[in-house]
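J.: Take a look at the following structure, please.
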Amino acid sequence: MVWPMEPSSRTTPVEIRQSGPRILSIRWEDGEESAFPVRALRLACACAVCVDEWTGEYKLDPAAVPEDIRPLKVSSVGRYAIGIRWSDGHDTGIYPFERLRALADREGGKLG
């Protein structure tokens, strides 16, 4: 049996915005705010193009990601994630809110 994900105030964004050219910010329903340097977020992509589906090994070469990478479009994916179309042409990554919050929590509110 598969149980649906239960959103919580920790993983429910109330605002997602670009905070300058290099930062994507998310304000969560629990009042916390996370700031993601956009290049670090691009490097954290976990799609099948960037991460081997069988081994979990990262395939993305950080040197191939421009220092001035930026999101061209951020769109919702259902009620659980965002998709980002990047200036390097990459657009297959899905960033679930639970993963974004875990990344932010691990990095003390700031990835990168």
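To be explicit about the labels: the chains of the structure tokens are called A, B, and onward in the order shown, and within each one the residues are counted from 1, while ligands get numbers from 1 in the order they are shown.
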Find the spatial neighbours of Val74 of chain A, counting only C-alpha atoms, within a cut-off of 9 Å - ignore same-chain residues fewer than 2 positions away - and output them as a PyMOL selection string.

T.: chain A and resi 16+71-72+76+82-86

J.: Just the selected residues (N, CA and C atoms), exported as a tab-separated table (two decimals), in the first residue's frame, please.

T.:
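Printed below is out-v1.tsv as written:
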chain	number	residue	atom	x	y	z
A	16	ILE	N	7.68	31.76	-2.86
A	16	ILE	CA	8.92	31.42	-3.53
A	16	ILE	C	9.27	32.62	-4.40
A	71	PRO	N	17.86	30.64	-12.88
A	71	PRO	CA	16.58	30.04	-13.28
A	71	PRO	C	15.88	30.98	-14.27
A	72	LEU	N	15.41	30.41	-15.37
A	72	LEU	CA	14.64	31.19	-16.34
A	72	LEU	C	13.15	31.12	-16.03
A	76	SER	N	5.26	25.29	-10.63
A	76	SER	CA	4.84	24.29	-9.65
A	76	SER	C	4.66	22.95	-10.34
A	82	ILE	N	8.68	22.00	-7.15
A	82	ILE	CA	8.85	22.98	-8.22
A	82	ILE	C	9.74	22.37	-9.30
A	83	GLY	N	9.54	22.84	-10.50
A	83	GLY	CA	10.43	22.52	-11.60
A	83	GLY	C	11.12	23.81	-12.00
A	84	ILE	N	12.36	23.70	-12.42
A	84	ILE	CA	13.12	24.89	-12.79
A	84	ILE	C	13.71	24.68	-14.19
A	85	ARG	N	13.50	25.65	-15.05
A	85	ARG	CA	14.17	25.69	-16.35
A	85	ARG	C	15.37	26.61	-16.16
A	86	TRP	N	16.57	26.05	-16.37
A	86	TRP	CA	17.81	26.75	-16.10
A	86	TRP	C	18.39	27.39	-17.36

J.: Run DSSP on the backbone and grab whatever in chain A lands in strand (DSSP E); send it over as number ranges by chain.

T.: A: 13-18, 23-28, 33-37, 71-77, 81-86, 94-96

J.: Those same residues - C-alpha atoms - I'd like them written as an mmCIF file, in the first residue's frame.

T.:
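The file below, result_35.cif, is the result:
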data_model
loop_
_atom_site.group_PDB
_atom_site.id
_atom_site.type_symbol
_atom_site.label_atom_id
_atom_site.label_comp_id
_atom_site.auth_asym_id
_atom_site.auth_seq_id
_atom_site.Cartn_x
_atom_site.Cartn_y
_atom_site.Cartn_z
ATOM 1 C CA PRO A 13 5.902 27.037 0.965
ATOM 2 C CA VAL A 14 3.884 30.237 1.218
ATOM 3 C CA GLU A 15 6.224 32.253 -0.996
ATOM 4 C CA ILE A 16 8.919 31.417 -3.534
ATOM 5 C CA ARG A 17 10.834 34.352 -4.963
ATOM 6 C CA GLN A 18 14.068 35.387 -6.593
ATOM 7 C CA ILE A 23 19.410 33.588 -4.559
ATOM 8 C CA LEU A 24 16.074 31.749 -4.674
ATOM 9 C CA SER A 25 14.177 32.195 -1.392
ATOM 10 C CA ILE A 26 11.385 30.110 0.056
ATOM 11 C CA ARG A 27 9.288 31.216 3.019
ATOM 12 C CA TRP A 28 7.679 28.198 4.660
ATOM 13 C CA GLU A 33 12.849 31.197 5.351
ATOM 14 C CA SER A 34 15.418 29.343 3.269
ATOM 15 C CA ALA A 35 17.835 31.016 0.859
ATOM 16 C CA PHE A 36 19.261 28.882 -1.929
ATOM 17 C CA PRO A 37 22.206 30.102 -4.002
ATOM 18 C CA PRO A 71 16.584 30.045 -13.282
ATOM 19 C CA LEU A 72 14.638 31.191 -16.338
ATOM 20 C CA LYS A 73 11.330 29.802 -15.116
ATOM 21 C CA VAL A 74 10.145 28.289 -11.848
ATOM 22 C CA SER A 75 6.860 26.394 -12.027
ATOM 23 C CA SER A 76 4.836 24.288 -9.647
ATOM 24 C CA VAL A 77 4.735 20.539 -10.012
ATOM 25 C CA ALA A 81 7.482 20.369 -5.850
ATOM 26 C CA ILE A 82 8.851 22.979 -8.219
ATOM 27 C CA GLY A 83 10.430 22.520 -11.603
ATOM 28 C CA ILE A 84 13.125 24.886 -12.794
ATOM 29 C CA ARG A 85 14.170 25.691 -16.349
ATOM 30 C CA TRP A 86 17.811 26.755 -16.103
ATOM 31 C CA ILE A 94 11.991 18.294 -9.973
ATOM 32 C CA TYR A 95 12.688 19.770 -6.556
ATOM 33 C CA PRO A 96 10.202 18.319 -4.036
#

J.: Could you write out, as a ChimeraX atom specification, all the residues of chain A that DSSP marks as helix (DSSP H, G or I)?

T.: /A:38-43,62-64,97-106

J.: Store the residues picked out above in a file with C-alpha atoms, as a PDB file, in the first residue's frame.

T.:
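After the write, part.pdb holds the following:
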ATOM      1  CA  VAL A  38      20.958  29.216  -7.489  1.00  0.00           C
ATOM      2  CA  ARG A  39      24.165  27.518  -8.668  1.00  0.00           C
ATOM      3  CA  ALA A  40      24.190  25.271  -5.594  1.00  0.00           C
ATOM      4  CA  LEU A  41      20.540  24.443  -6.253  1.00  0.00           C
ATOM      5  CA  ARG A  42      21.355  23.541  -9.869  1.00  0.00           C
ATOM      6  CA  LEU A  43      24.207  21.335  -8.642  1.00  0.00           C
ATOM      7  CA  PRO A  62      30.231  20.918 -11.523  1.00  0.00           C
ATOM      8  CA  ALA A  63      32.694  22.447 -13.996  1.00  0.00           C
ATOM      9  CA  ALA A  64      29.978  22.156 -16.681  1.00  0.00           C
ATOM     10  CA  PHE A  97       9.448  20.665  -1.140  1.00  0.00           C
ATOM     11  CA  GLU A  98      10.469  17.987   1.376  1.00  0.00           C
ATOM     12  CA  ARG A  99      13.899  17.716  -0.252  1.00  0.00           C
ATOM     13  CA  LEU A 100      14.327  21.490  -0.452  1.00  0.00           C
ATOM     14  CA  ARG A 101      13.522  21.841   3.230  1.00  0.00           C
ATOM     15  CA  ALA A 102      15.882  19.002   4.121  1.00  0.00           C
ATOM     16  CA  LEU A 103      18.674  20.634   2.077  1.00  0.00           C
ATOM     17  CA  ALA A 104      18.053  23.942   3.820  1.00  0.00           C
ATOM     18  CA  ASP A 105      17.899  22.343   7.271  1.00  0.00           C
ATOM     19  CA  ARG A 106      21.137  20.473   6.627  1.00  0.00           C
TER      20      ARG A 106
END

J.: Quick one: pull the distance between atom CA of Gly56 of chain A and atom CA of Gly89 of chain A, Å, one decimal.

T.: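 The value is 22.6 Å.
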
J.: In Å to one decimal, how far is atom CA of Ser9 of chain A from atom CA of Pro21 of chain A?

T.: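 Computing the Euclidean distance for atom CA of Pro21 of chain A and atom CA of Ser9 of chain A yields 27.4 Å.
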
J.: What gap, in Å, lies between atom CA of Asp30 of chain A and atom CA of Arg10 of chain A?

T.: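 Distance reported for this atom pair: 5.5 Å.
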
J.: Skipping near chain neighbours, those fewer than 4 positions away, what residues fall within 8 Å of Asp88 of chain A using only C-alpha atoms, listed as a PDB file with C-alpha atoms, in the first residue's frame?

T.:
ATOM      1  CA  VAL A  65      27.607  24.403 -14.706  1.00  0.00           C
ATOM      2  CA  PRO A  66      28.295  28.079 -15.411  1.00  0.00           C
ATOM      3  CA  ILE A  69      23.604  30.066 -14.005  1.00  0.00           C
TER       4      ILE A  69
END
